[in-house]
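Here is structure26.tsv, consisting of TSV, N, CA and C atoms and all ligand atoms:
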```tsv
chain	number	residue	atom	x	y	z
M	157	MET	N	27.92	-8.58	5.58
M	157	MET	CA	26.46	-8.40	5.66
M	157	MET	C	26.05	-8.36	7.14
M	158	SER	N	25.51	-7.26	7.58
M	158	SER	CA	25.23	-7.11	9.01
M	158	SER	C	23.79	-7.38	9.38
M	159	CYS	N	22.88	-7.39	8.41
M	159	CYS	CA	21.46	-7.55	8.74
M	159	CYS	C	21.18	-9.01	9.15
M	160	LEU	N	20.59	-9.17	10.33
M	160	LEU	CA	20.32	-10.51	10.86
M	160	LEU	C	19.48	-11.34	9.90
M	161	PHE	N	18.40	-10.76	9.37
M	161	PHE	CA	17.52	-11.55	8.52
M	161	PHE	C	18.15	-11.82	7.15
M	162	CYS	N	18.96	-10.90	6.62
M	162	CYS	CA	19.71	-11.21	5.39
M	162	CYS	C	20.64	-12.39	5.63
M	163	ARG	N	21.23	-12.47	6.81
M	163	ARG	CA	22.14	-13.58	7.13
M	163	ARG	C	21.37	-14.89	7.29
M	164	ILE	N	20.17	-14.83	7.86
M	164	ILE	CA	19.32	-16.02	7.96
M	164	ILE	C	18.93	-16.49	6.56
M	165	ILE	N	18.50	-15.57	5.70
M	165	ILE	CA	18.12	-15.91	4.32
M	165	ILE	C	19.29	-16.56	3.58
M	166	ALA	N	20.49	-16.04	3.82
M	166	ALA	CA	21.69	-16.57	3.15
M	166	ALA	C	22.15	-17.89	3.74
M	167	GLY	N	21.54	-18.31	4.86
M	167	GLY	CA	21.93	-19.57	5.50
M	167	GLY	C	23.15	-19.44	6.40
M	168	GLU	N	23.59	-18.22	6.63
M	168	GLU	CA	24.76	-18.00	7.50
M	168	GLU	C	24.41	-18.18	8.98
M	169	ILE	N	23.14	-17.97	9.29
M	169	ILE	CA	22.63	-18.18	10.65
M	169	ILE	C	21.50	-19.19	10.52
M	170	PRO	N	21.50	-20.23	11.35
M	170	PRO	CA	20.45	-21.26	11.22
M	170	PRO	C	19.08	-20.73	11.59
M	171	SER	N	18.07	-21.29	10.94
M	171	SER	CA	16.69	-20.94	11.28
M	171	SER	C	15.82	-22.17	11.04
M	172	SER	N	14.63	-22.11	11.57
M	172	SER	CA	13.65	-23.18	11.36
M	172	SER	C	12.76	-22.77	10.19
M	173	LYS	N	13.19	-23.15	8.99
M	173	LYS	CA	12.50	-22.71	7.76
M	173	LYS	C	11.14	-23.38	7.63
M	174	VAL	N	10.16	-22.58	7.26
M	174	VAL	CA	8.80	-23.08	7.02
M	174	VAL	C	8.50	-23.09	5.52
M	175	TYR	N	9.00	-22.09	4.80
M	175	TYR	CA	8.65	-21.93	3.37
M	175	TYR	C	9.73	-21.07	2.72
M	176	GLU	N	9.98	-21.35	1.44
M	176	GLU	CA	10.92	-20.51	0.68
M	176	GLU	C	10.54	-20.55	-0.78
M	177	ASP	N	10.61	-19.41	-1.46
M	177	ASP	CA	10.55	-19.38	-2.93
M	177	ASP	C	11.59	-18.37	-3.41
M	178	GLU	N	11.53	-17.98	-4.67
M	178	GLU	CA	12.59	-17.14	-5.21
M	178	GLU	C	12.66	-15.76	-4.57
M	179	ALA	N	11.55	-15.31	-4.00
M	179	ALA	CA	11.51	-13.95	-3.47
M	179	ALA	C	11.26	-13.87	-1.97
M	180	VAL	N	10.87	-15.00	-1.37
M	180	VAL	CA	10.36	-14.97	0.01
M	180	VAL	C	11.01	-16.07	0.85
M	181	PHE	N	11.21	-15.76	2.12
M	181	PHE	CA	11.71	-16.75	3.09
M	181	PHE	C	10.84	-16.64	4.33
M	182	ALA	N	10.45	-17.77	4.90
M	182	ALA	CA	9.62	-17.79	6.11
M	182	ALA	C	10.22	-18.77	7.11
M	183	PHE	N	10.29	-18.35	8.36
M	183	PHE	CA	10.93	-19.17	9.39
M	183	PHE	C	10.28	-18.90	10.74
M	184	ARG	N	10.44	-19.85	11.65
M	184	ARG	CA	9.79	-19.72	12.96
M	184	ARG	C	10.50	-18.68	13.82
M	185	ASP	N	9.70	-17.86	14.49
M	185	ASP	CA	10.26	-16.86	15.41
M	185	ASP	C	10.95	-17.58	16.56
M	186	ILE	N	12.13	-17.08	16.93
M	186	ILE	CA	12.92	-17.72	17.99
M	186	ILE	C	12.27	-17.53	19.36
M	187	ASN	N	11.40	-16.55	19.48
M	187	ASN	CA	10.74	-16.25	20.76
M	187	ASN	C	9.23	-16.16	20.52
M	188	PRO	N	8.59	-17.31	20.28
M	188	PRO	CA	7.19	-17.29	19.81
M	188	PRO	C	6.23	-16.63	20.79
M	189	GLN	N	5.33	-15.84	20.23
M	189	GLN	CA	4.31	-15.13	21.01
M	189	GLN	C	2.94	-15.78	20.86
M	190	ALA	N	2.87	-16.89	20.17
M	190	ALA	CA	1.62	-17.65	20.00
M	190	ALA	C	2.02	-19.09	19.68
M	191	ALA	N	1.04	-19.98	19.65
M	191	ALA	CA	1.33	-21.39	19.39
M	191	ALA	C	2.07	-21.55	18.05
M	192	VAL	N	1.65	-20.77	17.07
M	192	VAL	CA	2.38	-20.69	15.80
M	192	VAL	C	2.82	-19.23	15.62
M	193	HIS	N	4.10	-19.03	15.37
M	193	HIS	CA	4.63	-17.67	15.17
M	193	HIS	C	5.74	-17.77	14.12
M	194	VAL	N	5.39	-17.34	12.92
M	194	VAL	CA	6.32	-17.42	11.79
M	194	VAL	C	6.59	-16.00	11.29
M	195	LEU	N	7.82	-15.76	10.87
M	195	LEU	CA	8.20	-14.50	10.25
M	195	LEU	C	8.32	-14.71	8.75
M	196	VAL	N	7.64	-13.87	7.97
M	196	VAL	CA	7.68	-13.98	6.51
M	196	VAL	C	8.36	-12.72	5.99
M	197	VAL	N	9.43	-12.91	5.22
M	197	VAL	CA	10.26	-11.77	4.81
M	197	VAL	C	10.57	-11.84	3.32
M	198	PRO	N	10.73	-10.67	2.68
M	198	PRO	CA	11.26	-10.69	1.31
M	198	PRO	C	12.76	-10.95	1.36
M	199	LYS	N	13.27	-11.68	0.37
M	199	LYS	CA	14.72	-11.92	0.34
M	199	LYS	C	15.49	-10.63	0.09
M	200	GLU	N	14.88	-9.73	-0.66
M	200	GLU	CA	15.52	-8.43	-0.89
M	200	GLU	C	15.38	-7.58	0.37
M	201	HIS	N	16.45	-6.97	0.80
M	201	HIS	CA	16.42	-6.16	2.01
M	201	HIS	C	15.61	-4.89	1.79
M	202	ILE	N	14.55	-4.76	2.57
M	202	ILE	CA	13.75	-3.53	2.64
M	202	ILE	C	13.67	-3.22	4.13
M	203	GLU	N	13.91	-1.98	4.53
M	203	GLU	CA	14.06	-1.71	5.96
M	203	GLU	C	12.77	-1.92	6.75
M	204	SER	N	11.68	-1.41	6.24
M	204	SER	CA	10.41	-1.52	6.97
M	204	SER	C	9.27	-1.19	6.02
M	205	ALA	N	8.03	-1.27	6.53
M	205	ALA	CA	6.89	-0.89	5.70
M	205	ALA	C	6.97	0.57	5.27
M	206	ASP	N	7.70	1.37	6.04
M	206	ASP	CA	7.84	2.78	5.70
M	206	ASP	C	8.76	3.00	4.50
M	207	ALA	N	9.45	1.95	4.07
M	207	ALA	CA	10.35	2.05	2.92
M	207	ALA	C	9.76	1.40	1.67
M	208	ILE	N	8.48	1.01	1.73
M	208	ILE	CA	7.85	0.42	0.55
M	208	ILE	C	7.60	1.50	-0.49
M	209	SER	N	7.95	1.19	-1.73
M	209	SER	CA	7.78	2.14	-2.83
M	209	SER	C	7.39	1.37	-4.08
M	210	ALA	N	7.12	2.12	-5.15
M	210	ALA	CA	6.79	1.47	-6.43
M	210	ALA	C	7.94	0.59	-6.91
M	211	ASP	N	9.17	0.91	-6.49
M	211	ASP	CA	10.34	0.14	-6.93
M	211	ASP	C	10.44	-1.23	-6.27
M	212	ASN	N	9.90	-1.37	-5.06
M	212	ASN	CA	10.08	-2.64	-4.34
M	212	ASN	C	8.77	-3.32	-3.93
M	213	SER	N	7.64	-2.71	-4.25
M	213	SER	CA	6.37	-3.25	-3.74
M	213	SER	C	6.05	-4.63	-4.30
M	214	SER	N	6.64	-5.00	-5.44
M	214	SER	CA	6.39	-6.35	-5.96
M	214	SER	C	6.96	-7.40	-5.00
M	215	ARG	N	8.03	-7.06	-4.28
M	215	ARG	CA	8.62	-7.99	-3.29
M	215	ARG	C	7.69	-8.15	-2.09
M	216	VAL	N	7.02	-7.08	-1.75
M	216	VAL	CA	6.05	-7.14	-0.64
M	216	VAL	C	4.82	-7.93	-1.09
M	217	ALA	N	4.41	-7.73	-2.34
M	217	ALA	CA	3.30	-8.53	-2.87
M	217	ALA	C	3.63	-10.01	-2.83
M	218	ALA	N	4.88	-10.34	-3.13
M	218	ALA	CA	5.30	-11.76	-3.09
M	218	ALA	C	5.18	-12.32	-1.68
M	219	VAL	N	5.48	-11.48	-0.69
M	219	VAL	CA	5.31	-11.91	0.70
M	219	VAL	C	3.84	-12.24	0.97
M	220	PHE	N	2.95	-11.36	0.51
M	220	PHE	CA	1.53	-11.59	0.78
M	220	PHE	C	0.98	-12.77	-0.02
M	221	GLU	N	1.56	-13.05	-1.16
M	221	GLU	CA	1.18	-14.28	-1.88
M	221	GLU	C	1.65	-15.51	-1.14
M	222	ALA	N	2.75	-15.38	-0.41
M	222	ALA	CA	3.30	-16.53	0.34
M	222	ALA	C	2.55	-16.77	1.64
M	223	ILE	N	1.98	-15.74	2.22
M	223	ILE	CA	1.37	-15.89	3.55
M	223	ILE	C	0.29	-16.98	3.57
M	224	PRO	N	-0.63	-17.06	2.62
M	224	PRO	CA	-1.61	-18.17	2.66
M	224	PRO	C	-0.95	-19.54	2.55
M	225	LYS	N	0.17	-19.62	1.85
M	225	LYS	CA	0.89	-20.89	1.75
M	225	LYS	C	1.50	-21.25	3.10
M	226	VAL	N	2.08	-20.25	3.76
M	226	VAL	CA	2.63	-20.47	5.11
M	226	VAL	C	1.50	-20.90	6.06
M	227	ALA	N	0.37	-20.22	5.96
M	227	ALA	CA	-0.76	-20.56	6.83
M	227	ALA	C	-1.22	-21.99	6.59
M	228	ALA	N	-1.24	-22.41	5.34
M	228	ALA	CA	-1.66	-23.79	5.04
M	228	ALA	C	-0.65	-24.79	5.57
M	229	ILE	N	0.63	-24.49	5.39
M	229	ILE	CA	1.69	-25.38	5.90
M	229	ILE	C	1.56	-25.54	7.41
M	230	CYS	N	1.24	-24.44	8.08
M	230	CYS	CA	1.14	-24.45	9.55
M	230	CYS	C	-0.26	-24.84	10.03
M	231	ARG	N	-1.14	-25.17	9.10
M	231	ARG	CA	-2.51	-25.61	9.41
M	231	ARG	C	-3.29	-24.56	10.21
M	232	LEU	N	-3.18	-23.32	9.78
M	232	LEU	CA	-3.91	-22.24	10.46
M	232	LEU	C	-5.29	-22.10	9.81
M	233	THR	N	-6.07	-23.17	9.91
M	233	THR	CA	-7.34	-23.25	9.19
M	233	THR	C	-8.43	-22.39	9.83
M	234	ASN	N	-8.20	-21.97	11.07
M	234	ASN	CA	-9.24	-21.21	11.77
M	234	ASN	C	-8.91	-19.72	11.88
M	235	GLY	N	-7.95	-19.27	11.08
M	235	GLY	CA	-7.60	-17.86	11.08
M	235	GLY	C	-6.24	-17.60	11.73
M	236	TYR	N	-5.79	-16.37	11.58
M	236	TYR	CA	-4.47	-15.97	12.10
M	236	TYR	C	-4.37	-14.45	12.02
M	237	ARG	N	-3.26	-13.93	12.52
M	237	ARG	CA	-3.02	-12.48	12.52
M	237	ARG	C	-1.70	-12.21	11.81
M	238	VAL	N	-1.67	-11.12	11.04
M	238	VAL	CA	-0.45	-10.68	10.36
M	238	VAL	C	-0.11	-9.29	10.88
M	239	ILE	N	1.13	-9.14	11.35
M	239	ILE	CA	1.56	-7.87	11.96
M	239	ILE	C	2.93	-7.50	11.40
M	240	THR	N	3.11	-6.19	11.12
M	240	THR	CA	4.46	-5.70	10.86
M	240	THR	C	4.71	-4.48	11.73
M	241	ASN	N	5.81	-4.50	12.46
M	241	ASN	CA	6.19	-3.39	13.31
M	241	ASN	C	7.09	-2.44	12.51
M	242	VAL	N	6.93	-1.14	12.75
M	242	VAL	CA	7.67	-0.13	11.98
M	242	VAL	C	8.34	0.85	12.93
M	243	GLY	N	9.67	0.91	12.85
M	243	GLY	CA	10.43	1.96	13.52
M	243	GLY	C	10.37	1.91	15.04
M	244	GLU	N	10.80	2.98	15.65
M	244	GLU	CA	10.95	3.02	17.11
M	244	GLU	C	9.62	2.89	17.82
M	245	ASP	N	8.63	3.70	17.45
M	245	ASP	CA	7.35	3.63	18.15
M	245	ASP	C	6.64	2.30	17.89
M	246	GLY	N	6.93	1.68	16.75
M	246	GLY	CA	6.35	0.37	16.45
M	246	GLY	C	7.11	-0.78	17.08
M	247	CYS	N	8.22	-0.45	17.79
M	247	CYS	CA	9.06	-1.47	18.44
M	247	CYS	C	9.61	-2.48	17.43
M	248	GLN	N	10.06	-1.96	16.27
M	248	GLN	CA	10.72	-2.83	15.29
M	248	GLN	C	12.16	-3.06	15.72
M	249	SER	N	12.50	-4.31	16.05
M	249	SER	CA	13.85	-4.59	16.55
M	249	SER	C	14.79	-5.04	15.44
M	250	VAL	N	14.27	-5.61	14.36
M	250	VAL	CA	15.11	-6.04	13.23
M	250	VAL	C	14.72	-5.20	12.02
M	251	LYS	N	15.71	-4.48	11.48
M	251	LYS	CA	15.41	-3.49	10.43
M	251	LYS	C	15.45	-4.12	9.04
M	252	HIS	N	14.75	-5.24	8.91
M	252	HIS	CA	14.51	-5.90	7.61
M	252	HIS	C	13.03	-6.24	7.66
M	253	ILE	N	12.26	-5.65	6.78
M	253	ILE	CA	10.80	-5.79	6.87
M	253	ILE	C	10.41	-7.26	7.04
M	254	HIS	N	9.50	-7.49	7.98
M	254	HIS	CA	9.05	-8.86	8.25
M	254	HIS	C	7.61	-8.81	8.72
M	255	PHE	N	6.88	-9.85	8.38
M	255	PHE	CA	5.48	-9.95	8.73
M	255	PHE	C	5.32	-11.12	9.69
M	256	HIS	N	4.88	-10.80	10.90
M	256	HIS	CA	4.63	-11.85	11.89
M	256	HIS	C	3.31	-12.53	11.53
M	257	VAL	N	3.32	-13.83	11.42
M	257	VAL	CA	2.09	-14.61	11.24
M	257	VAL	C	1.88	-15.39	12.53
M	258	LEU	N	0.79	-15.03	13.21
M	258	LEU	CA	0.52	-15.58	14.54
M	258	LEU	C	-0.80	-16.33	14.52
M	259	GLY	N	-0.82	-17.50	15.14
M	259	GLY	CA	-2.06	-18.27	15.19
M	259	GLY	C	-1.87	-19.57	15.91
M	260	GLY	N	-2.73	-20.51	15.56
M	260	GLY	CA	-2.68	-21.81	16.21
M	260	GLY	C	-3.42	-21.86	17.52
M	261	GLU	N	-4.02	-20.74	17.89
M	261	GLU	CA	-4.82	-20.62	19.11
M	261	GLU	C	-5.64	-19.33	18.98
M	262	LYS	N	-6.64	-19.16	19.85
M	262	LYS	CA	-7.40	-17.91	19.87
M	262	LYS	C	-6.50	-16.80	20.40
M	263	LEU	N	-6.31	-15.75	19.59
M	263	LEU	CA	-5.41	-14.67	19.97
M	263	LEU	C	-6.16	-13.63	20.80
M	264	PRO	N	-5.44	-12.86	21.63
M	264	PRO	CA	-6.10	-11.79	22.38
M	264	PRO	C	-6.69	-10.75	21.44
M	265	GLU	N	-7.77	-10.10	21.87
M	265	GLU	CA	-8.44	-9.14	21.00
M	265	GLU	C	-7.62	-7.89	20.77
M	266	ASN	N	-6.73	-7.56	21.71
M	266	ASN	CA	-5.90	-6.37	21.49
M	266	ASN	C	-4.87	-6.67	20.41
M	267	MET	N	-4.21	-5.63	19.89
M	267	MET	CA	-3.34	-5.79	18.72
M	267	MET	C	-1.89	-6.07	19.10
M	268	GLY	N	-1.61	-6.29	20.37
M	268	GLY	CA	-0.23	-6.62	20.75
M	268	GLY	C	0.16	-7.95	20.14
M	269	ASN	N	1.46	-8.20	20.05
M	269	ASN	CA	1.91	-9.51	19.55
M	269	ASN	C	3.00	-10.06	20.44
N	1	LIG	P1	10.23	-7.07	15.56
N	1	LIG	O1	10.29	-6.79	17.03
N	1	LIG	O2	8.92	-6.81	14.93
N	1	LIG	O3	11.39	-6.40	14.83
N	1	LIG	O4	10.41	-8.64	15.41
N	1	LIG	C1	11.66	-9.26	15.35
N	1	LIG	C2	11.40	-10.69	15.69
N	1	LIG	O5	12.55	-11.43	15.31
N	1	LIG	C3	11.17	-10.97	17.19
N	1	LIG	O6	9.88	-11.54	17.35
N	1	LIG	C4	12.29	-11.92	17.55
N	1	LIG	O7	11.89	-12.92	18.47
N	1	LIG	C5	12.67	-12.50	16.21
N	1	LIG	N1	14.03	-12.99	16.10
N	1	LIG	C6	15.18	-12.37	16.49
N	1	LIG	N2	16.25	-13.12	16.19
N	1	LIG	C7	15.78	-14.24	15.58
N	1	LIG	C8	16.39	-15.41	15.04
N	1	LIG	N3	17.71	-15.58	15.04
N	1	LIG	N4	15.59	-16.37	14.51
N	1	LIG	C9	14.25	-16.22	14.50
N	1	LIG	N5	13.61	-15.13	14.98
N	1	LIG	C10	14.36	-14.16	15.52
N	2	ZN	ZN	18.26	-7.57	5.56
```
Have the structure of the file written as structure tokens, please.
Amino acid sequence: MSCLFCRIIAGEIPSSKVYEDEAVFAFRDINPQAAVHVLVVPKEHIESADAISADNSSRVAAVFEAIPKVAAICRLTNGYRVITNVGEDGCQSVKHIHFHVLGGEKLPENMGN
């Protein structure tokens, strides 16, 4: 298994887990860009948002059902930002769809993360 996030989900590579259920895994970003920076991923490998289809969108829905739980665990009571990078122009470095949850402080108004 070569995908970094599949290996993290499988426990082959250590991570700082925040939340897990049957379909979703969430862990702290190793290089945080905000006071709170968590990555929320489906356990099933999907390359990016550009690969979402009717066949796998329930896994993405599960991620979005998990995000409020992650936010509550991290006490993001005053709001947060959710970002997914796609492909080369989106600067996606890990080709396993992931949603950055950023918060814990007032974020810059621009959409960078
Ligand atoms: P992206 O650039 O959108 O593909 O985001 C990939 C994210 O994964 C970056 O924010 C990295 O800091 C993060 N990352 C890379 N390796 C690890 C790791 N082993 N554990 C946690 N986060 C990681
Ligand atoms: Zn993967």
Please identify all protein, DNA and RNA residues within 6 Å of ligand LIG 1 (chain N), counting all atoms listed in the file, and report them as a count of residues only. 13
Set out as CSV a contact list for chain M and ligand ZN 2 (chain N) with a cut-off of 6.5 Å, giving each residue of chain M that qualifies its closest atom pair and distance in Å to one decimal, counting all atoms listed in the file, ordered by chain and rising residue number.
```
residue,atom,partner,partner_atom,distance
M:Cys159,CA,N:ZN2,ZN,4.5
M:Leu160,N,N:ZN2,ZN,5.5
M:Phe161,C,N:ZN2,ZN,4.5
M:Cys162,N,N:ZN2,ZN,3.6
M:Arg163,N,N:ZN2,ZN,5.9
M:Glu200,C,N:ZN2,ZN,5.9
M:His201,CA,N:ZN2,ZN,4.2
M:Ile202,N,N:ZN2,ZN,5.5
M:Lys251,C,N:ZN2,ZN,5.6
M:His252,CA,N:ZN2,ZN,4.6
M:Ile253,N,N:ZN2,ZN,6.4
```
Could you give me, as JSON, numbers by chain, the residues within 10 Å of Thr233 (chain M), counting only C-alpha atoms and dropping anything in the same chain fewer than 5 positions from it? {"M": [227, 228, 259, 260]}
Which parts of chain M does DSSP call strand (DSSP E) when run on the backbone here, written out as a ChimeraX atom specification? /M:173-176,180-184,192-198,236-239,255-259
Length of the atom C of Asp211 (chain M) to atom C of Ile229 (chain M) vector [Å]: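 Interatomic distance here is 29.3 Å.
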Given the point (3.6, -12.8, 8.8) in the file's coordinates, find the residues that have an atom at most 8 Å from it, counting only N, CA and C atoms, and give them as a ChimeraX atom specification. /M:193-197,219,223,237-240,254-258
I'd like the contact shell of Tyr175 (chain M) - 8 Å cut-off, all atoms listed in the file, skipping same-chain residues fewer than 4 positions apart - returned as a list in words.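 So the residues in contact are Val180, Phe181, Ala182, Phe183, Arg184, Lys225 and Val226 of chain M.
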Atom N of Gly167 (chain M) to atom C of Ser214 (chain M), straight-line distance in Å: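 We find that atom C of Ser214 (chain M) and atom N of Gly167 (chain M) lie 20.7 Å from each other.
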